[in-house]
Amino acid sequence: MKNTLKNIFHSPRFVVGFIIFVALLLTMIFYPIFNPGDPLERIGVGTFAKPGTYFSMYDATSAKTETFRLADAEENRINALLTGDARTRMIDWMSRHGDDVAGLDPADTGALMEAWGRYYEDVRLSGMTNADRVYFRRLNNSIVNSATAEELLVMEEDPETGDYAQKGTISLTDYVNTKDVANVKTLPLGTDNFGRDTLRELVSAAGVSLRVGLIAGIVATLIGLSLGLLAGYLGGVADDIIMFITNIFTVIPSFVLLILISYSISQEARGASLVAVVIGFTGWTWTCRSVRSQVISLRNRDHVNLSKLSGHSMVRIVLTDILPYIASYVVMAFILQVSAGILSEAQLSMLGLGPKTTETPTLGLMMNWAMLYSAHTNGSWWAYFPVILTITLISFSLNLMNTGLDQVFNPTLRD
Amino acid sequence: MSEKARKDYTKGPSCLKGIGLTRSFGIGDKKMFAVDHVDFDFHEGEFVSIVGESGSGKTTLSKMLLGLLNPTEGEILFQNKPRDISSHAKKREYWKSMQAIFQDPFASYNVFHKIDSVLLDCINMRGGQNLSKQEKFDMMTEACSFVNLKFAELTNKYPFELSGGQMQRLMIARIFLLKPKILLADEPTSMVDACSRATILDMLLQLRDEVGMTIIFITHDIGLAYYISDTVYIMEHGKFVEYGKADEVILNPKAAYTKRLISDVPKIHEEWDLSTVELTSEL
Amino acid sequence: MGKAMLEVKNLKTKYVTRFHEDVYSVDGVSLVIEEGRSLGVAGESGCGKSTLALSMMGYYFPPLHYMSGDILIDGNNISGLAPDTVRKTILGSEIAYIPQAAMNALNPTAKIIRFVEDVIHAHDPKKTKAEIREMAEERFAILGLPKMVLDKHAVELSGGMKQRTVIAISTILSPKVLIADEPSSALDVTSQKIVIKLMRELMEKGYIRSMMFITHELPLLYNVTDDIAVMYAGQLVEVGTAKEMVFDPIHPYSHGLMGSILVPEEGTRGTNLTAIPGTPPNLKRPPAGCRFAERCKYAKPECFFAAPPEKKFEGHRMYRCIFGVDELRDIYKKEAEQQ
């Protein structure tokens, strides 16, 4: 036993898979400690806030300021204002206007600003819509404003009289330390379509999905193992009956069965655990088939015959003379079943047949939400890409562990 | 032991008798007989060899004799009474009188169990559950010393820590503890080195002489069968083509198959005639 | 004395286990096979006889590693050659090897002629298919194999036929040395006899110029090879002609082995079979003294400390024991009389 464990950890594949899996598991356990709260809490009102650090503007106005004179402050400000798209449109405007813009590099902010300041006028050029004219007017205003306004006034409305009183000023050179701002929120993966912290949701969902996978794996392995043992050991009529059932389950595509069962259970009753059981119930067939074939080859081994001759009962022979020989195989099949269970849940949820949506997030549900709110078309990669990556990592690590175990237990693959 | 010292066991009372014993597989056109209506009569204390090449049906026959496989036809008489193994309890009872040693010692053990458990099983089967630890230990030590093994060195070991010869001897120790009426030895020496073979054969003969066990020895090696047995049955395609006392069958074979089998085995004192071989005879 | 076709000088090879332990399976073997002669190697399982066969081809791949010694084929030393050179220029044309399960090595999806083409193309890529077929048909006809075998798949042939086909293909380039490792052990006695006859014909017709035959079946060896070498724990303990080895073995181990021979002949029944108690030493740590000392009933205290030298006697025979030849013969004679 000790030797086997040592062998297992000598297999590089298993070790890599194990490390990835344990890292994921530790994240699932410890992240909620650092970032507690309901993973489905809607912290944002809008949809798909970008990843990054947010701090409260309200708190910032009353925070202690420092004055810094930074040489590139002006340029940075304009850079933040002018996206690549705005720059090309500006050059386009100037060339339509008949100005000499040949050799003007859109990335060169200084030259672009100089040319724009020289040529821009608020007219509608041929081939331009009115909306375009408004766009350029606004763009010009913001450029002009960023350069001209030295200070912003912060006003406060008197609730009784409705008068505004100056509360303070913010100058171009004022800086606030984020530590002095009372409310700062870092969202490494932004928010999703409901304004929920995507990372916190993802960690929680990965945990739930793993639980779904484990339950599905246990259910599938238990059913497959017991039927496979019975069919293989008993043979004859019992084998025929069990294999008949197994074949029926095999020829009906399990995913169709899964959809039908899920559909017939009402949305309200569909918790994560129930979905897991349903997945396990449709996925046991190949465990059963392979356990059966292993048992058949073991059944005629001499040590089983000897055990029979020693008068042992059937239950005892199956449990002590057959099960230990296929245990490593069953463990490997179990790992694959877990992996398959996680993927099945994701597929079901993508179709909207997963666990009910209001209580617990799962990886599949997150994908489903991202898809429904077209995260993939509006560029909100953070809403779906980390989810895909997590699913991939989980099944990759499980599969690595499986092939690692195979290397250890299957002598023909040893090098 | 010399030839004269051997008692004639071929005349003793019948111990295991088969009448028209048959086992077929498949149905209809694909039906084939692994064992095809064989009759035999093994006597108490007799050392019987069943000689056959691979595919002759000797393994199927041995499984039927052991009660691990049901015959499709025919009956087996155990001590002149029809053998009844219809329930698990009756099978257990039969297996107290009928035991086996198999060909591959490496496959005969459950590698997850310690050696002690193999021997303890035998003591329990003989009704020794209530014996004290010391008594059990003494019994196991005695059985091991019968096969020239030291139980004190083996206890708490796993089977794979032993050599093939040691494993096979431990199988004989198991038989020594059980003392069945009949022992079926299915090629017990074919996977064991020549040097250990003699030891195992001697122990089998000793079991026969001391306990009066009937030994059914299944083998493909006609030289070995001749050396050790009183009676030889030659099996081909599920049938006994010839049987009789070892000297008669081997030195004066009647059936063509027996003659061919003997002529095809390399010899030491006689010329091995290669000219009888027809090179294109098979495809 | 004929020309030496295969000469091995103090060959040492080892296995490296998964746990990086060295197993010295062939530990200083020297032997000569002359032109037109065959040598049989006998010994218990695990004595290193199969490793010796693998080692003699000069083609090493893990876990087998070459340590030292020379292998000369017709005077050319092949022990230092690169594996690729050995594979392209030596294997098949100079030295051929038939493993025990050779018949299972045939790819079931290809016809037999394809294997012949592969073997010949590895050494002579210019040969056309028609030439190869002609060559194969001629050789098959001489060896008494039906030529229609060439157009069959391996699965259509019986075990004995497959093994004979493999032997015919392996020797199609007429190698100087054929090494056969238990070529007939998996077959029934009739097929075995046919295979043996085939190998005899190969020798008689000069398609192979020397042969090494490895088996644990002594009666077979006696009938197949001219000389017999007995191997024990990685070393040869005795070499002599087949007749001498079977009827007058000198080394206590060979004496024990020969005493365990069983054949269906008058007079063998009721004789005493020799048993050698104990197990061979662990080749990870070979004993310093005589390797057989622990199991030898004649061992003296010094046997356990000093490795016995290789002794030559009667011109061509060799054995490895501290006792003298006459001393051992006397002991055996007295033992035989006592019974």
# chains A, B, ... in the order shown; residues from 1 in each chain; ligands from 1

$ select_by_dssp --residues "range 178-304 of chain C" --states "strand (DSSP E)" --output "PyMOL selection string"
chain C and resi 178-181+211-214+227-232+235-241

$ residues_around --residues "range 132-134 of chain C" --least-positions-apart "4" --cutoff "10 Å" --atoms "only C-alpha atoms" --output "list in words"
Ile113, Arg114, Val116, Glu117, Ile120, His121, Lys127, Thr128, Glu138, Arg139, Phe140, Lys147 and Leu150 of chain C

$ residues_around --residues "range 178-187 of chain B" --least-positions-apart "6" --cutoff "8 Å" --atoms "only C-alpha atoms" --output "list in words"
Glu44, Thr59, Ser62, Leu66, Trp95, Lys96, Ser97, Met98, Gln99, Ala100, Ile101, Phe102, Gln103, Cys122, Ile123, Met125, Arg126, Val211, Gly212, Met213, Thr214, Ile215, Ile216, Phe217, Ile218, Thr219 and His220 of chain B

$ interface_residues --of "chain B" --to "chain A" --cutoff "6 Å" --atoms "only C-alpha atoms" --output "list in words"
Arg92, Trp95, Ala107, Ser108, Tyr109 and Asn110 of chain B

$ write_last_selection --atoms "C-alpha atoms" --output "mmCIF file, in the first residue's frame"
data_model
loop_
_atom_site.group_PDB
_atom_site.id
_atom_site.type_symbol
_atom_site.label_atom_id
_atom_site.label_comp_id
_atom_site.auth_asym_id
_atom_site.auth_seq_id
_atom_site.Cartn_x
_atom_site.Cartn_y
_atom_site.Cartn_z
ATOM 1 C CA ARG B 92 -18.626 -27.127 0.764
ATOM 2 C CA TRP B 95 -14.769 -29.716 -1.362
ATOM 3 C CA ALA B 107 -2.130 -16.720 -10.079
ATOM 4 C CA SER B 108 -3.236 -19.064 -7.316
ATOM 5 C CA TYR B 109 -2.908 -16.571 -4.509
ATOM 6 C CA ASN B 110 -4.879 -13.510 -3.661
#

$ closest_atom_pairs --of "chain C" --to "chain B" --cutoff "9 Å" --atoms "only C-alpha atoms" --output "Markdown table"
| residue | atom | partner | partner_atom | distance |
| --- | --- | --- | --- | --- |
| C:Gly43 | CA | B:Asp193 | CA | 8.8 |
| C:Glu44 | CA | B:Asp193 | CA | 5.7 |
| C:Ser45 | CA | B:Asp193 | CA | 6.8 |
| C:Leu143 | CA | B:Leu279 | CA | 8.2 |
| C:Gly144 | CA | B:Leu279 | CA | 5.7 |
| C:Leu145 | CA | B:Thr280 | CA | 6.0 |
| C:Pro146 | CA | B:Thr280 | CA | 6.6 |
| C:Val149 | CA | B:Leu283 | CA | 8.2 |
| C:Glu156 | CA | B:Leu283 | CA | 8.2 |
| C:Leu157 | CA | B:Leu283 | CA | 5.7 |
| C:Ser158 | CA | B:Leu283 | CA | 5.9 |
| C:Gly159 | CA | B:Leu283 | CA | 9.0 |
| C:Gly160 | CA | B:Glu282 | CA | 8.2 |
| C:Met161 | CA | B:Leu283 | CA | 5.9 |
| C:Lys162 | CA | B:Leu283 | CA | 8.7 |
| C:Leu187 | CA | B:Ser54 | CA | 9.0 |
| C:Asp188 | CA | B:Glu53 | CA | 6.4 |
| C:Val189 | CA | B:Asp264 | CA | 5.8 |
| C:Thr190 | CA | B:Asp264 | CA | 5.7 |
| C:Ser191 | CA | B:Asp264 | CA | 8.9 |
| C:Gln192 | CA | B:Asp264 | CA | 8.2 |
| C:Lys193 | CA | B:Asp264 | CA | 6.2 |
| C:Ile194 | CA | B:Val277 | CA | 6.2 |
| C:Val195 | CA | B:Leu279 | CA | 8.9 |
| C:Ile196 | CA | B:Leu274 | CA | 8.5 |
| C:Lys197 | CA | B:Leu274 | CA | 6.4 |
| C:Leu198 | CA | B:Leu279 | CA | 8.1 |
| C:His216 | CA | B:Ala194 | CA | 8.1 |
| C:Glu217 | CA | B:Ala194 | CA | 8.6 |
| C:Pro219 | CA | B:Pro266 | CA | 5.6 |
| C:Leu220 | CA | B:Pro266 | CA | 5.4 |
| C:Leu221 | CA | B:Pro266 | CA | 8.8 |
| C:Tyr222 | CA | B:Ile268 | CA | 7.1 |
| C:Asn223 | CA | B:Pro266 | CA | 6.6 |
| C:Val246 | CA | B:Ile268 | CA | 8.4 |
| C:Gly256 | CA | B:Cys195 | CA | 7.2 |
| C:Leu257 | CA | B:Cys195 | CA | 6.4 |
| C:Gly259 | CA | B:Cys195 | CA | 8.9 |
| C:Ser260 | CA | B:Ala194 | CA | 6.2 |
| C:Ile261 | CA | B:Ala194 | CA | 7.8 |
| C:Leu262 | CA | B:Gly223 | CA | 5.3 |
| C:Val263 | CA | B:Gly223 | CA | 4.2 |
| C:Pro264 | CA | B:Gly223 | CA | 4.0 |
| C:Glu265 | CA | B:Leu251 | CA | 7.2 |
| C:Glu266 | CA | B:Leu251 | CA | 6.8 |
| C:Thr268 | CA | B:Tyr227 | CA | 6.3 |
| C:Arg269 | CA | B:Tyr227 | CA | 4.4 |
| C:Gly270 | CA | B:Glu3 | CA | 5.0 |
| C:Thr271 | CA | B:Ser2 | CA | 6.5 |
| C:Asn272 | CA | B:Met1 | CA | 7.1 |
| C:Leu273 | CA | B:Ala198 | CA | 5.7 |
| C:Thr274 | CA | B:Ala198 | CA | 6.3 |
| C:Ala275 | CA | B:Cys195 | CA | 5.0 |
| C:Ile276 | CA | B:Cys195 | CA | 5.0 |
| C:Pro277 | CA | B:Ser196 | CA | 6.9 |
| C:Gly278 | CA | B:Ser196 | CA | 8.5 |
| C:Thr279 | CA | B:Ser163 | CA | 7.7 |

$ interface_residues --of "chain C" --to "chain A" --cutoff "12 Å" --atoms "only C-alpha atoms" --output "VMD selection string"
chain C and resid 16 to 19 61 to 63

$ write_last_selection --atoms "N, CA and C atoms" --output "PDB file, in the first residue's frame"
ATOM      1  N   VAL C  16      18.874  -2.179 -15.402  1.00  0.00           N
ATOM      2  CA  VAL C  16      18.667  -1.144 -14.390  1.00  0.00           C
ATOM      3  C   VAL C  16      17.172  -1.093 -14.119  1.00  0.00           C
ATOM      4  N   THR C  17      16.801  -1.325 -12.868  1.00  0.00           N
ATOM      5  CA  THR C  17      15.373  -1.390 -12.540  1.00  0.00           C
ATOM      6  C   THR C  17      14.789   0.006 -12.451  1.00  0.00           C
ATOM      7  N   ARG C  18      13.480   0.055 -12.247  1.00  0.00           N
ATOM      8  CA  ARG C  18      12.802   1.342 -12.129  1.00  0.00           C
ATOM      9  C   ARG C  18      13.291   2.119 -10.918  1.00  0.00           C
ATOM     10  N   PHE C  19      13.817   1.381  -9.952  1.00  0.00           N
ATOM     11  CA  PHE C  19      14.277   2.063  -8.750  1.00  0.00           C
ATOM     12  C   PHE C  19      15.788   2.265  -8.797  1.00  0.00           C
ATOM     13  N   PHE C  61      18.997  -1.695 -25.464  1.00  0.00           N
ATOM     14  CA  PHE C  61      18.077  -0.595 -25.175  1.00  0.00           C
ATOM     15  C   PHE C  61      17.621  -0.777 -23.741  1.00  0.00           C
ATOM     16  N   PRO C  62      17.293   0.339 -23.051  1.00  0.00           N
ATOM     17  CA  PRO C  62      16.915   0.235 -21.642  1.00  0.00           C
ATOM     18  C   PRO C  62      15.749  -0.726 -21.473  1.00  0.00           C
ATOM     19  N   PRO C  63      15.692  -1.471 -20.378  1.00  0.00           N
ATOM     20  CA  PRO C  63      16.557  -1.383 -19.208  1.00  0.00           C
ATOM     21  C   PRO C  63      17.867  -2.178 -19.326  1.00  0.00           C
TER      22      PRO C  63
END

$ residues_around --residues "range 81-85 of chain B" --least-positions-apart "2" --cutoff "12 Å" --atoms "only C-alpha atoms" --output "VMD selection string"
chain B and resid 14 to 19 64 to 71 74 to 79 87 to 95 97 to 98

$ select_by_dssp --residues "range 97-343 of chain A" --states "helix (DSSP H, G or I)" --output "MDAnalysis selection string"
chainID A and resid 97 109:119 130:148 178:180 198:234 236:251 254:264 267:269 272:282 285:299 302:309 314:343

$ residues_around --residues "Glu314 in chain C" --least-positions-apart "2" --cutoff "12 Å" --atoms "only C-alpha atoms" --output "list of chain:residue names"
C:Val239, C:Gly240, C:Thr241, C:Glu244, C:Ile250, C:Lys311, C:Lys312, C:His316, C:Arg317, C:Met318, C:Tyr319, C:Val325, C:Asp326

$ residues_around --residues "Leu227 in chain A" --least-positions-apart "6" --cutoff "10 Å" --atoms "only C-alpha atoms" --output "VMD selection string"
chain A and resid 221 233 238 to 239 242 to 243 246 284 to 285 287 to 289 291 to 292

$ residues_around --residues "Ile265 in chain A" --least-positions-apart "3" --cutoff "10 Å" --atoms "only C-alpha atoms" --output "count of residues only"
9

$ closest_residue --among "C:Asp84, C:Glu182, C:Asp22, C:Glu7" --to "Gly69 in chain C" --atoms "only C-alpha atoms"
C:Glu7

$ closest_residue --among "C:Val119, C:Ala42, C:Leu6, C:Ile214" --to "Val237 in chain C" --atoms "only C-alpha atoms"
C:Ala42
